[in-house]
Amino acid sequence: MAKKAKRVTPLMQQYNAIKAKYPDAMLLFRVGDFYETFGSDAVKAAKILGIILTKRGAGSETETELAGFPHHSINTYLPKLVKAGQRVAICDQLEDPKQTKTIVKRGVTELVTPGVALNDEVLSSKSNNFLASVYFGKYIGVSFLDVSTGEFLTSQGDAEYIDKLLQNFNPSEVLVSKQERKNFSETFGNDFHTFYLEDWVYQDDYANETLKKHFDTISLKGFGIEDLFEGIVASGAILHYLDETQHHKLQHITAIHRIAEDEYVWMDKFTIRNLELYNSNNFNAVTLLNVIDKTSSPMGGRMLKRWLALPLKNVEKIKSRHEVVQYLLDNETTLLKIQNHIKQVGDIERLISKVATAKVNPREVIQLKNSLEAIVPIKSLASNCNNEALKVIGDNIQSCDVLREKIKETLNEDAPVNILKGKTISSDFSSELKELRELAFSGKDYLDKMLERESERTGISSLKIASNNVFGYYIEVRNTHKDKVPEEWIRKQTLVNAERYITEELKEYEAKILGAEERILAIEQQLFSDLVNWMSSYIKPVQQNAYLIGKLDCLCGFTELAKQNKYTYPEIDDSLDLDIKDGRHPVIEKQLPLGESYVANDLFLDRETQQIIMITGPNMSGKSAILRQTALIVL
C-alpha cells in the first residue's frame, strides 16, 4: 500500500519555503505576537534560551517540535542566541494581518550572525565587533569590518603576519571559501567562529566590482589599496556577505584603510597571551587593559584597545602623544573640563551607523543631538590649547550646527524609544499635526459641552457620556429618566438600572477622533523617516567627530593614569639602548595589599656593553615579573 503523503498546513508550507533559503541559520518565525522556532531549531533554541519545548499538532501526522517567545522580548533572547554562535534569520510579517483574508506575507528582514550585529545587547560598548574574511592566494589576504561602526580595514602577507592580525583584531566571525576549510584550520587553528562561502565569491574581478560599486569610485587607488590583490578579494567577500545577510543600507562604510605593516610593533599570539594585555586565561586575573583604561566614552574604550594591539613605531607620533599628556598634566583645569564634557557624549559612532542602516529610534536621535551638543565646548577648549596636536583635534571637530538644529526643531526632547507610542514629532514642526492633536486630545471639552447641551435639551440632569470597546462612545441614562429620552437616540444596551444610547453626533465625533489618531501616527512615522534619511548626509562629519573624541578620550585617560601612578615622561629615540630607572610592573603594582609598595627595578640593555642579562633566583622571587614588566614598559 502506498504511504499516505504527510499533510502540511499552509503556515508550515510557508515556513518550510523560507527555511529552505536559510538552511544554516536558526529561523525566528513571527506568528502573531510570538517568534516561533520549529523542528531542530526549536530543540536548539529551548536549550540555549532555557524556554519550554512543546509540540505543534501533538499526536497527529503533522507533529513537530515548537519553542517560542513574545516578540517584544527579542532584545533579551537574540543576544543569547548570537553569543552561543548561532546565525539567526529574523522572519517578520510583511503586511498587516487585518488587511489580508489569506495567510500573512512573511519574509526574512535581517540575518544576525556573530560578526554582523547592530543590536546594542549583542555588542559590547568598549569593544569592536569585527567580521573578518580570509583569502588564500599567492599571499594570504585578510579584511576586517565592524558593521556597527563602519570601520573597514585590509591587508595581506604570510601566514605568521595574518595570524598576528587575527589575534589582535579578535574577530567574532571569520569568512573563508569552502574549499579552503582544511587549509584555514591547519594554518590558524579552530578557535575562530568560521562561516564558509561559495568559492565563486572569492574572485578578483567580482571583488573589485563589488568594492567599486559600494564606494561609487572608478578605481581603488584613492584608498591606497590597489596593489593588495589578496586583500581586495577578501574585502569584496565581506561586502558580498553583508548583502547576503540582508544588510543593504551601508552608507556608513565610507572608506577602506590599509593596515600599514611597518608602522606598528607586531606581537604574536603567545606574546599577547603571556603579557595578559586584554584577556587572561586565569580566573579573576587583572589585565593591562583593566589597569590602564581610564577612558569615559565607548569610542575611547575601543580606540585604546586598538592602540594597545597596534603599538606605534614612529618616534614623532609617539612624542606627539606624550606631549599632549604632558600639556594636560600641566593644565589640570583644561583636563577636567574636557573629561567632564566627554562623559556627556554617547556612542555617536554606533548611533550614526544606526542612522545609515535605518535602525535608529527617536530616543537615539535625541541622544545623538545631545552628544553633539556636548562636543561643542570640547571643540573650543581643544582649539584654544597651547599644544599643536590638541589644536588640530579642536579645529577638525565639526560642530554640526544644522544637524543639531534640525533634530531639535523636529523632535520632542522626551521622544519615546518606540515611534508607535506617539509624541515623537514636535507640534510646532507641523501645523497639520498640531491640529490633529488638538482634535484628538481636546475631546474632553467637546464631550463636556455636548453633555451640558443634551442635559438642558432633554431635562435629564444625570446624563453620562463614556466609551467601551464594543460600540465606542455612548450616553447613559438612569431608568428613572427613561421616558425623557428623545426618539432619535438609538438604544444599544440595557443594564439593571440604566440604558445606553448612541447618537449620530457621537458616531461622527468618534470617527473623527479615531481618524485623527491614525493620521497622527502616519504623519509621525513619515516625518521621522524623512528626518533619518536627511541625517544620512552627516555620516562622515559625525564619524570624524567620533574618531577625534575617541583619540582625545584616550589621551585624557593616559594623563589621568600618569597623574595617579606618578609615571614619568620617557625619552624616546632611535638608538638601541633600553635604560629603565625604578621600573614598576603596572598590573602587579595595582594588586598589592594596602600599604605595601612595589619594589622598583632598574634595567639597562644595549648592543655594546650589556646585550644579555641572566636572571636567577628561587620560585616566586620575581624573575618572570621583571621580564613581563620590561615588555610592558616598552609597550
# chains A, B, ... in the order shown; residues from 1 in each chain; ligands from 1
call {"tool": "residues_around", "arguments": {"residues": "Gly222 of chain A", "least_positions_apart": "6", "cutoff": "12 Å", "atoms": "only C-alpha atoms", "output": "ChimeraX atom specification"}}
result
/A:212,215-216,255-258
call {"tool": "residues_around", "arguments": {"residues": "Glu388 of chain A", "least_positions_apart": "3", "cutoff": "9 Å", "atoms": "only C-alpha atoms", "output": "PDB file with C-alpha atoms, in the first residue's frame"}}
result
ATOM      1  CA  SER A 320      53.223  63.860  19.864  1.00  0.00           C
ATOM      2  CA  VAL A 324      49.625  66.098  24.806  1.00  0.00           C
ATOM      3  CA  CYS A 385      45.116  74.861  23.888  1.00  0.00           C
ATOM      4  CA  LYS A 391      44.700  72.368  18.415  1.00  0.00           C
ATOM      5  CA  VAL A 392      44.458  70.095  15.345  1.00  0.00           C
ATOM      6  CA  ILE A 393      41.863  67.918  17.106  1.00  0.00           C
TER       7      ILE A 393
END
call {"tool": "select_by_dssp", "arguments": {"residues": "segment 122-325 of chain A", "states": "helix (DSSP H, G or I)", "output": "tab-separated table (two decimals) with N, CA, C and O atoms, in the first residue's frame"}}
result
chain	number	residue	atom	x	y	z
A	159	ALA	N	51.47	33.71	6.47
A	159	ALA	CA	50.58	33.13	7.49
A	159	ALA	C	50.87	33.71	8.88
A	159	ALA	O	49.95	33.99	9.65
A	160	GLU	N	52.15	33.93	9.18
A	160	GLU	CA	52.52	34.42	10.52
A	160	GLU	C	51.94	35.82	10.77
A	160	GLU	O	51.37	36.10	11.82
A	161	TYR	N	52.06	36.68	9.75
A	161	TYR	CA	51.55	38.06	9.87
A	161	TYR	C	50.02	38.07	9.98
A	161	TYR	O	49.44	38.75	10.83
A	162	ILE	N	49.36	37.26	9.15
A	162	ILE	CA	47.89	37.22	9.18
A	162	ILE	C	47.41	36.67	10.53
A	162	ILE	O	46.42	37.13	11.09
A	163	ASP	N	48.15	35.69	11.06
A	163	ASP	CA	47.81	35.12	12.36
A	163	ASP	C	47.88	36.21	13.44
A	163	ASP	O	46.99	36.32	14.30
A	164	LYS	N	48.93	37.07	13.37
A	164	LYS	CA	49.06	38.16	14.35
A	164	LYS	C	47.88	39.11	14.23
A	164	LYS	O	47.34	39.59	15.23
A	165	LEU	N	47.48	39.39	12.98
A	165	LEU	CA	46.33	40.30	12.79
A	165	LEU	C	45.06	39.69	13.38
A	165	LEU	O	44.29	40.37	14.06
A	166	LEU	N	44.84	38.41	13.09
A	166	LEU	CA	43.62	37.76	13.60
A	166	LEU	C	43.61	37.76	15.13
A	166	LEU	O	42.58	37.96	15.76
A	167	GLN	N	44.79	37.56	15.74
A	167	GLN	CA	44.87	37.58	17.21
A	167	GLN	C	44.56	38.98	17.74
A	167	GLN	O	43.85	39.14	18.73
A	168	ASN	N	45.11	39.99	17.07
A	168	ASN	CA	44.94	41.37	17.56
A	168	ASN	C	43.54	41.90	17.37
A	168	ASN	O	43.00	42.57	18.24
A	169	PHE	N	42.94	41.60	16.21
A	169	PHE	CA	41.60	42.14	15.95
A	169	PHE	C	40.51	41.26	16.55
A	169	PHE	O	39.37	41.69	16.69
A	178	LYS	N	34.78	27.77	0.89
A	178	LYS	CA	34.51	26.37	1.25
A	178	LYS	C	35.70	25.45	0.99
A	178	LYS	O	36.01	24.56	1.77
A	179	GLN	N	36.38	25.69	-0.16
A	179	GLN	CA	37.45	24.74	-0.49
A	179	GLN	C	38.72	24.97	0.36
A	179	GLN	O	39.64	24.16	0.30
A	180	GLU	N	38.74	26.06	1.13
A	180	GLU	CA	39.93	26.33	1.96
A	180	GLU	C	39.67	25.96	3.44
A	180	GLU	O	40.44	26.33	4.31
A	181	ARG	N	38.58	25.25	3.69
A	181	ARG	CA	38.20	24.90	5.07
A	181	ARG	C	39.37	24.25	5.83
A	181	ARG	O	39.75	24.68	6.90
A	182	LYS	N	39.95	23.20	5.18
A	182	LYS	CA	41.03	22.43	5.83
A	182	LYS	C	42.27	23.32	6.00
A	182	LYS	O	42.89	23.37	7.06
A	183	ASN	N	42.58	24.05	4.92
A	183	ASN	CA	43.75	24.92	4.91
A	183	ASN	C	43.68	25.94	6.05
A	183	ASN	O	44.66	26.20	6.75
A	184	PHE	N	42.47	26.51	6.25
A	184	PHE	CA	42.30	27.53	7.29
A	184	PHE	C	42.55	26.95	8.67
A	184	PHE	O	43.29	27.51	9.48
A	185	SER	N	41.92	25.80	8.96
A	185	SER	CA	42.07	25.26	10.32
A	185	SER	C	43.49	24.78	10.57
A	185	SER	O	44.00	24.88	11.68
A	186	GLU	N	44.16	24.28	9.51
A	186	GLU	CA	45.56	23.85	9.71
A	186	GLU	C	46.48	25.05	9.95
A	186	GLU	O	47.43	24.97	10.72
A	187	THR	N	46.18	26.18	9.29
A	187	THR	CA	47.04	27.36	9.42
A	187	THR	C	46.74	28.17	10.67
A	187	THR	O	47.64	28.64	11.35
A	188	PHE	N	45.44	28.36	10.98
A	188	PHE	CA	45.08	29.28	12.07
A	188	PHE	C	44.36	28.62	13.26
A	188	PHE	O	43.90	29.31	14.16
A	199	ASP	N	32.88	29.19	-3.38
A	199	ASP	CA	34.20	29.57	-3.91
A	199	ASP	C	34.15	30.75	-4.88
A	199	ASP	O	35.06	31.56	-4.94
A	200	TRP	N	33.04	30.86	-5.64
A	200	TRP	CA	32.98	31.93	-6.65
A	200	TRP	C	32.97	33.34	-6.06
A	200	TRP	O	33.28	34.31	-6.73
A	201	VAL	N	32.64	33.44	-4.75
A	201	VAL	CA	32.62	34.76	-4.12
A	201	VAL	C	34.04	35.34	-4.06
A	201	VAL	O	34.25	36.53	-4.13
A	204	ASP	N	38.73	37.73	-8.11
A	204	ASP	CA	39.26	39.10	-8.07
A	204	ASP	C	38.39	40.12	-8.81
A	204	ASP	O	38.15	41.21	-8.31
A	205	ASP	N	37.88	39.76	-10.01
A	205	ASP	CA	37.09	40.76	-10.74
A	205	ASP	C	35.76	41.05	-10.01
A	205	ASP	O	35.30	42.19	-9.95
A	206	TYR	N	35.17	40.01	-9.40
A	206	TYR	CA	33.91	40.18	-8.67
A	206	TYR	C	34.15	41.08	-7.45
A	206	TYR	O	33.39	42.00	-7.16
A	207	ALA	N	35.27	40.83	-6.74
A	207	ALA	CA	35.59	41.61	-5.54
A	207	ALA	C	35.83	43.08	-5.91
A	207	ALA	O	35.31	43.99	-5.27
A	208	ASN	N	36.59	43.30	-6.98
A	208	ASN	CA	36.89	44.66	-7.43
A	208	ASN	C	35.61	45.42	-7.74
A	208	ASN	O	35.42	46.56	-7.32
A	209	GLU	N	34.73	44.75	-8.52
A	209	GLU	CA	33.46	45.38	-8.91
A	209	GLU	C	32.62	45.71	-7.67
A	209	GLU	O	32.04	46.79	-7.57
A	210	THR	N	32.55	44.73	-6.74
A	210	THR	CA	31.73	44.92	-5.53
A	210	THR	C	32.20	46.14	-4.75
A	210	THR	O	31.40	46.97	-4.32
A	211	LEU	N	33.53	46.27	-4.57
A	211	LEU	CA	34.08	47.40	-3.81
A	211	LEU	C	33.86	48.73	-4.53
A	211	LEU	O	33.43	49.72	-3.94
A	212	LYS	N	34.13	48.74	-5.84
A	212	LYS	CA	33.97	49.99	-6.60
A	212	LYS	C	32.51	50.44	-6.62
A	212	LYS	O	32.20	51.62	-6.50
A	213	LYS	N	31.61	49.46	-6.73
A	213	LYS	CA	30.18	49.78	-6.75
A	213	LYS	C	29.76	50.36	-5.39
A	213	LYS	O	29.03	51.35	-5.31
A	214	HIS	N	30.26	49.74	-4.31
A	214	HIS	CA	29.88	50.22	-2.98
A	214	HIS	C	30.39	51.64	-2.74
A	214	HIS	O	29.65	52.51	-2.26
A	215	PHE	N	31.66	51.90	-3.06
A	215	PHE	CA	32.24	53.23	-2.79
A	215	PHE	C	31.94	54.24	-3.91
A	215	PHE	O	32.28	55.40	-3.79
A	221	LYS	N	42.34	53.23	-6.18
A	221	LYS	CA	43.61	53.98	-5.98
A	221	LYS	C	43.53	54.94	-4.80
A	221	LYS	O	44.45	55.05	-4.00
A	222	GLY	N	42.41	55.66	-4.72
A	222	GLY	CA	42.25	56.68	-3.68
A	222	GLY	C	42.38	56.13	-2.27
A	222	GLY	O	42.71	56.86	-1.33
A	223	PHE	N	42.10	54.83	-2.08
A	223	PHE	CA	42.19	54.24	-0.75
A	223	PHE	C	43.59	53.68	-0.48
A	223	PHE	O	43.87	53.17	0.60
A	229	PHE	N	46.28	42.70	-3.95
A	229	PHE	CA	45.42	41.79	-4.71
A	229	PHE	C	44.59	40.88	-3.80
A	229	PHE	O	43.35	40.84	-3.87
A	230	GLU	N	45.27	40.18	-2.88
A	230	GLU	CA	44.55	39.24	-1.99
A	230	GLU	C	43.66	39.99	-0.99
A	230	GLU	O	42.57	39.53	-0.65
A	231	GLY	N	44.15	41.15	-0.54
A	231	GLY	CA	43.35	41.95	0.42
A	231	GLY	C	42.04	42.39	-0.19
A	231	GLY	O	40.98	42.38	0.46
A	232	ILE	N	42.08	42.78	-1.48
A	232	ILE	CA	40.86	43.23	-2.17
A	232	ILE	C	39.85	42.09	-2.29
A	232	ILE	O	38.66	42.26	-2.06
A	233	VAL	N	40.36	40.89	-2.62
A	233	VAL	CA	39.45	39.73	-2.77
A	233	VAL	C	38.76	39.45	-1.43
A	233	VAL	O	37.55	39.22	-1.36
A	234	ALA	N	39.54	39.48	-0.33
A	234	ALA	CA	38.97	39.23	1.00
A	234	ALA	C	37.92	40.30	1.34
A	234	ALA	O	36.85	39.99	1.88
A	235	SER	N	38.21	41.56	0.98
A	235	SER	CA	37.29	42.67	1.30
A	235	SER	C	36.00	42.57	0.49
A	235	SER	O	34.90	42.84	1.01
A	236	GLY	N	36.10	42.19	-0.78
A	236	GLY	CA	34.91	42.04	-1.62
A	236	GLY	C	33.99	40.98	-1.06
A	236	GLY	O	32.75	41.12	-1.06
A	237	ALA	N	34.59	39.89	-0.53
A	237	ALA	CA	33.78	38.80	0.03
A	237	ALA	C	32.97	39.27	1.23
A	237	ALA	O	31.83	38.86	1.43
A	238	ILE	N	33.57	40.17	2.02
A	238	ILE	CA	32.83	40.69	3.20
A	238	ILE	C	31.59	41.47	2.75
A	238	ILE	O	30.50	41.29	3.29
A	239	LEU	N	31.75	42.33	1.75
A	239	LEU	CA	30.59	43.12	1.29
A	239	LEU	C	29.52	42.21	0.70
A	239	LEU	O	28.32	42.44	0.87
A	240	HIS	N	29.97	41.16	0.00
A	240	HIS	CA	29.02	40.19	-0.57
A	240	HIS	C	28.20	39.55	0.57
A	240	HIS	O	26.98	39.40	0.48
A	241	TYR	N	28.90	39.20	1.64
A	241	TYR	CA	28.26	38.53	2.77
A	241	TYR	C	27.23	39.45	3.44
A	241	TYR	O	26.17	39.02	3.86
A	242	LEU	N	27.56	40.74	3.54
A	242	LEU	CA	26.61	41.69	4.15
A	242	LEU	C	25.33	41.75	3.32
A	242	LEU	O	24.23	41.82	3.86
A	243	ASP	N	25.50	41.73	2.00
A	243	ASP	CA	24.33	41.76	1.12
A	243	ASP	C	23.50	40.50	1.33
A	243	ASP	O	22.27	40.55	1.41
A	244	GLU	N	24.20	39.38	1.46
A	244	GLU	CA	23.52	38.08	1.65
A	244	GLU	C	22.76	38.05	2.97
A	244	GLU	O	21.76	37.35	3.09
A	261	GLU	N	51.80	47.64	7.68
A	261	GLU	CA	52.57	46.63	8.41
A	261	GLU	C	53.78	47.23	9.13
A	261	GLU	O	54.10	46.87	10.24
A	262	ASP	N	54.45	48.21	8.48
A	262	ASP	CA	55.70	48.71	9.06
A	262	ASP	C	55.51	49.82	10.09
A	262	ASP	O	56.47	50.33	10.65
A	263	GLU	N	54.25	50.22	10.36
A	263	GLU	CA	54.04	51.32	11.31
A	263	GLU	C	53.91	50.84	12.75
A	263	GLU	O	53.96	51.63	13.68
A	269	LYS	N	50.59	35.59	19.00
A	269	LYS	CA	49.55	35.26	19.98
A	269	LYS	C	50.12	34.86	21.34
A	269	LYS	O	49.50	35.07	22.37
A	270	PHE	N	51.37	34.30	21.35
A	270	PHE	CA	51.95	33.89	22.64
A	270	PHE	C	52.31	35.12	23.47
A	270	PHE	O	52.07	35.16	24.67
A	271	THR	N	52.84	36.15	22.79
A	271	THR	CA	53.20	37.39	23.49
A	271	THR	C	51.93	38.03	24.05
A	271	THR	O	51.87	38.41	25.23
A	272	ILE	N	50.90	38.12	23.21
A	272	ILE	CA	49.64	38.74	23.65
A	272	ILE	C	49.07	37.99	24.85
A	272	ILE	O	48.60	38.59	25.82
A	273	ARG	N	49.15	36.65	24.77
A	273	ARG	CA	48.58	35.84	25.86
A	273	ARG	C	49.41	35.97	27.14
A	273	ARG	O	48.90	36.18	28.22
A	274	ASN	N	50.76	35.84	27.00
A	274	ASN	CA	51.62	35.86	28.19
A	274	ASN	C	51.66	37.21	28.88
A	274	ASN	O	51.80	37.30	30.09
A	288	LEU	N	46.26	44.18	31.58
A	288	LEU	CA	46.84	45.52	31.42
A	288	LEU	C	45.73	46.52	31.07
A	288	LEU	O	45.70	47.63	31.59
A	289	LEU	N	44.80	46.10	30.20
A	289	LEU	CA	43.72	47.00	29.79
A	289	LEU	C	42.89	47.44	31.01
A	289	LEU	O	42.54	48.61	31.14
A	290	ASN	N	42.59	46.49	31.92
A	290	ASN	CA	41.82	46.84	33.13
A	290	ASN	C	42.51	47.95	33.89
A	290	ASN	O	41.87	48.85	34.44
A	291	VAL	N	43.84	47.90	33.95
A	291	VAL	CA	44.60	48.84	34.78
A	291	VAL	C	44.74	50.20	34.11
A	291	VAL	O	44.69	51.24	34.76
A	292	ILE	N	44.92	50.20	32.75
A	292	ILE	CA	45.21	51.49	32.12
A	292	ILE	C	44.00	52.18	31.48
A	292	ILE	O	44.10	53.30	31.03
A	298	PRO	N	32.59	55.25	24.87
A	298	PRO	CA	32.75	53.98	24.14
A	298	PRO	C	33.80	54.09	23.03
A	298	PRO	O	34.57	53.16	22.80
A	299	MET	N	33.84	55.26	22.35
A	299	MET	CA	34.81	55.44	21.26
A	299	MET	C	36.24	55.36	21.79
A	299	MET	O	37.12	54.76	21.21
A	300	GLY	N	36.45	55.99	22.97
A	300	GLY	CA	37.78	55.97	23.59
A	300	GLY	C	38.16	54.57	24.01
A	300	GLY	O	39.31	54.13	23.81
A	301	GLY	N	37.20	53.84	24.58
A	301	GLY	CA	37.47	52.46	25.02
A	301	GLY	C	37.91	51.58	23.86
A	301	GLY	O	38.85	50.79	23.97
A	302	ARG	N	37.20	51.72	22.72
A	302	ARG	CA	37.54	50.89	21.55
A	302	ARG	C	38.89	51.30	20.97
A	302	ARG	O	39.67	50.46	20.55
A	303	MET	N	39.16	52.62	20.96
A	303	MET	CA	40.42	53.09	20.39
A	303	MET	C	41.61	52.66	21.25
A	303	MET	O	42.66	52.28	20.74
A	304	LEU	N	41.44	52.69	22.58
A	304	LEU	CA	42.54	52.28	23.46
A	304	LEU	C	42.92	50.82	23.18
A	304	LEU	O	44.10	50.48	23.12
A	305	LYS	N	41.92	49.99	22.97
A	305	LYS	CA	42.17	48.58	22.68
A	305	LYS	C	42.99	48.46	21.39
A	305	LYS	O	43.89	47.64	21.27
A	306	ARG	N	42.62	49.29	20.41
A	306	ARG	CA	43.31	49.29	19.12
A	306	ARG	C	44.76	49.76	19.30
A	306	ARG	O	45.68	49.20	18.74
A	307	TRP	N	44.96	50.83	20.09
A	307	TRP	CA	46.31	51.36	20.31
A	307	TRP	C	47.19	50.31	21.00
A	307	TRP	O	48.37	50.19	20.73
A	308	LEU	N	46.55	49.56	21.90
A	308	LEU	CA	47.29	48.54	22.65
A	308	LEU	C	47.67	47.37	21.74
A	308	LEU	O	48.73	46.78	21.87
A	309	ALA	N	46.78	47.07	20.81
A	309	ALA	CA	47.04	45.94	19.89
A	309	ALA	C	48.05	46.33	18.82
A	309	ALA	O	48.77	45.49	18.30
A	315	VAL	N	58.71	57.46	16.02
A	315	VAL	CA	59.12	58.28	17.16
A	315	VAL	C	58.33	59.59	17.25
A	315	VAL	O	57.86	59.98	18.31
A	316	GLU	N	58.14	60.25	16.10
A	316	GLU	CA	57.44	61.54	16.11
A	316	GLU	C	56.00	61.39	16.61
A	316	GLU	O	55.51	62.19	17.39
A	317	LYS	N	55.32	60.33	16.11
A	317	LYS	CA	53.92	60.12	16.52
A	317	LYS	C	53.83	59.82	18.02
A	317	LYS	O	52.91	60.27	18.70
A	318	ILE	N	54.80	59.03	18.51
A	318	ILE	CA	54.79	58.68	19.94
A	318	ILE	C	55.01	59.96	20.78
A	318	ILE	O	54.29	60.22	21.74
A	319	LYS	N	56.00	60.77	20.34
A	319	LYS	CA	56.30	62.00	21.09
A	319	LYS	C	55.10	62.94	21.09
A	319	LYS	O	54.81	63.60	22.08
A	320	SER	N	54.39	62.98	19.96
A	320	SER	CA	53.22	63.86	19.86
A	320	SER	C	52.19	63.47	20.92
A	320	SER	O	51.62	64.34	21.60
A	321	ARG	N	51.96	62.16	21.10
A	321	ARG	CA	51.01	61.71	22.15
A	321	ARG	C	51.52	62.12	23.53
A	321	ARG	O	50.77	62.61	24.38
A	322	HIS	N	52.82	61.89	23.77
A	322	HIS	CA	53.39	62.21	25.09
A	322	HIS	C	53.31	63.71	25.40
A	322	HIS	O	53.05	64.09	26.54
A	323	GLU	N	53.49	64.53	24.36
A	323	GLU	CA	53.43	65.98	24.58
A	323	GLU	C	52.03	66.41	25.03
A	323	GLU	O	51.88	67.29	25.87
A	324	VAL	N	51.01	65.78	24.41
A	324	VAL	CA	49.62	66.10	24.81
A	324	VAL	C	49.42	65.74	26.28
A	324	VAL	O	48.87	66.52	27.06
A	325	VAL	N	49.90	64.55	26.68
A	325	VAL	CA	49.75	64.11	28.07
A	325	VAL	C	50.43	65.11	29.01
A	325	VAL	O	49.86	65.52	30.03
call {"tool": "atom_distance", "arguments": {"atom1": "atom CA of Lys369 of chain A", "atom2": "atom CA of Ile419 of chain A"}}
result
17.4 Å
call {"tool": "atom_distance", "arguments": {"atom1": "atom CA of Asn619 of chain A", "atom2": "atom CA of Arg607 of chain A"}}
result
29.6 Å
call {"tool": "residues_around", "arguments": {"residues": "segment 16-30 of chain A", "least_positions_apart": "6", "cutoff": "9 Å", "atoms": "only C-alpha atoms", "output": "tab-separated table (two decimals) with N, CA, C and O atoms, in the first residue's frame"}}
result
chain	number	residue	atom	x	y	z
A	36	GLU	N	8.36	32.14	16.72
A	36	GLU	CA	8.37	30.69	16.93
A	36	GLU	C	9.57	30.04	16.23
A	36	GLU	O	10.02	30.52	15.19
A	37	THR	N	10.06	28.95	16.81
A	37	THR	CA	11.05	28.11	16.11
A	37	THR	C	10.46	26.71	16.02
A	37	THR	O	9.70	26.29	16.90
A	38	PHE	N	10.80	26.00	14.95
A	38	PHE	CA	10.24	24.67	14.74
A	38	PHE	C	11.35	23.63	14.55
A	38	PHE	O	12.47	23.97	14.15
A	40	SER	N	14.34	21.09	14.53
A	40	SER	CA	15.64	21.07	15.21
A	40	SER	C	16.02	22.45	15.74
A	40	SER	O	16.72	22.58	16.74
A	41	ASP	N	15.54	23.52	15.07
A	41	ASP	CA	15.77	24.88	15.57
A	41	ASP	C	15.17	25.04	16.97
A	41	ASP	O	15.76	25.65	17.85
A	42	ALA	N	13.96	24.47	17.14
A	42	ALA	CA	13.25	24.60	18.42
A	42	ALA	C	14.02	23.88	19.52
A	42	ALA	O	14.15	24.39	20.65
A	44	LYS	N	17.25	23.38	19.64
A	44	LYS	CA	18.44	24.20	19.96
A	44	LYS	C	18.04	25.44	20.77
A	44	LYS	O	18.66	25.77	21.78
A	45	ALA	N	16.97	26.14	20.31
A	45	ALA	CA	16.55	27.38	20.97
A	45	ALA	C	16.16	27.11	22.43
A	45	ALA	O	16.53	27.87	23.33
A	68	GLY	N	8.92	29.02	21.47
A	68	GLY	CA	8.77	30.42	21.06
A	68	GLY	C	8.85	31.37	22.24
A	68	GLY	O	8.90	30.96	23.39
A	71	HIS	N	7.26	38.53	20.97
A	71	HIS	CA	8.09	39.30	20.03
A	71	HIS	C	8.80	40.47	20.71
A	71	HIS	O	9.89	40.87	20.30
A	81	LEU	N	21.30	33.92	21.66
A	81	LEU	CA	21.48	33.00	20.52
A	81	LEU	C	22.76	33.32	19.77
A	81	LEU	O	23.54	32.44	19.41
A	86	GLN	N	25.08	31.14	17.17
A	86	GLN	CA	24.05	30.85	16.16
A	86	GLN	C	23.95	31.98	15.14
A	86	GLN	O	24.11	33.14	15.48
A	87	ARG	N	23.65	31.62	13.91
A	87	ARG	CA	23.25	32.62	12.91
A	87	ARG	C	21.74	32.65	12.98
A	87	ARG	O	21.10	31.60	12.91
A	88	VAL	N	21.16	33.84	13.13
A	88	VAL	CA	19.71	33.92	13.35
A	88	VAL	C	19.02	34.72	12.24
A	88	VAL	O	19.34	35.88	12.03
A	89	ALA	N	18.09	34.06	11.54
A	89	ALA	CA	17.32	34.76	10.50
A	89	ALA	C	16.00	35.21	11.12
A	89	ALA	O	15.25	34.39	11.67
A	90	ILE	N	15.74	36.51	11.06
A	90	ILE	CA	14.50	37.04	11.67
A	90	ILE	C	13.46	37.19	10.57
A	90	ILE	O	13.64	37.97	9.64
A	91	CYS	N	12.39	36.40	10.70
A	91	CYS	CA	11.35	36.40	9.67
A	91	CYS	C	10.13	37.14	10.21
A	91	CYS	O	9.51	36.70	11.17
A	92	ASP	N	9.81	38.28	9.59
A	92	ASP	CA	8.72	39.11	10.09
A	92	ASP	C	7.49	39.06	9.18
A	92	ASP	O	7.58	38.62	8.03
A	93	GLN	N	6.35	39.55	9.72
A	93	GLN	CA	5.13	39.67	8.92
A	93	GLN	C	5.28	40.93	8.08
A	93	GLN	O	5.52	42.00	8.61
A	106	ARG	N	5.18	36.77	4.70
A	106	ARG	CA	6.31	36.86	5.62
A	106	ARG	C	7.62	36.77	4.86
A	106	ARG	O	7.66	36.21	3.77
A	107	GLY	N	8.67	37.34	5.44
A	107	GLY	CA	9.98	37.25	4.79
A	107	GLY	C	11.08	37.59	5.78
A	107	GLY	O	10.83	38.24	6.80
A	108	VAL	N	12.31	37.16	5.49
A	108	VAL	CA	13.44	37.43	6.38
A	108	VAL	C	13.86	38.89	6.22
A	108	VAL	O	14.16	39.34	5.12
A	111	LEU	N	19.44	39.01	8.92
A	111	LEU	CA	20.15	37.80	9.34
A	111	LEU	C	21.24	38.28	10.28
A	111	LEU	O	22.14	39.02	9.88
A	113	THR	N	24.39	37.51	12.65
A	113	THR	CA	25.40	36.47	12.87
A	113	THR	C	26.38	37.03	13.90
A	113	THR	O	26.37	38.23	14.17
call {"tool": "residues_around", "arguments": {"residues": "Leu351 of chain A", "least_positions_apart": "4", "cutoff": "12 Å", "atoms": "only C-alpha atoms", "output": "ChimeraX atom specification"}}
result
/A:118-120,125,147-150,252,298-299,345-347,355-372,532,535-536,538-539,542-543,546
call {"tool": "select_by_dssp", "arguments": {"residues": "segment 176-294 of chain A", "states": "strand (DSSP E)", "output": "ChimeraX atom specification"}}
result
/A:176-177,194-197,257-258
call {"tool": "atom_distance", "arguments": {"atom1": "atom CA of Phe429 of chain A", "atom2": "atom CA of Cys400 of chain A"}}
result
20.2 Å
call {"tool": "residues_around", "arguments": {"residues": "segment 491-496 of chain A", "least_positions_apart": "5", "cutoff": "10 Å", "atoms": "only C-alpha atoms", "output": "list in words"}}
result
Phe471, Tyr474, Ile475, Glu476, Val477, Arg478, Asn479, Val485, Tyr501, Ile502 and Thr503 of chain A
call {"tool": "closest_residue", "arguments": {"among": "A:Leu411, A:Leu451, A:Leu153, A:Ala631", "to": "Glu505 of chain A", "atoms": "only C-alpha atoms"}}
result
A:Leu451
call {"tool": "residues_around", "arguments": {"residues": "Pro486 of chain A", "least_positions_apart": "2", "cutoff": "10 Å", "atoms": "only C-alpha atoms", "output": "PyMOL selection string"}}
result
chain A and resi 454+457-458+482-484+488-490
call {"tool": "residues_around", "arguments": {"residues": "Tyr327 of chain A", "least_positions_apart": "6", "cutoff": "10 Å", "atoms": "only C-alpha atoms", "output": "MDAnalysis selection string"}}
result
chainID A and resid 334:335 385:387 390 559
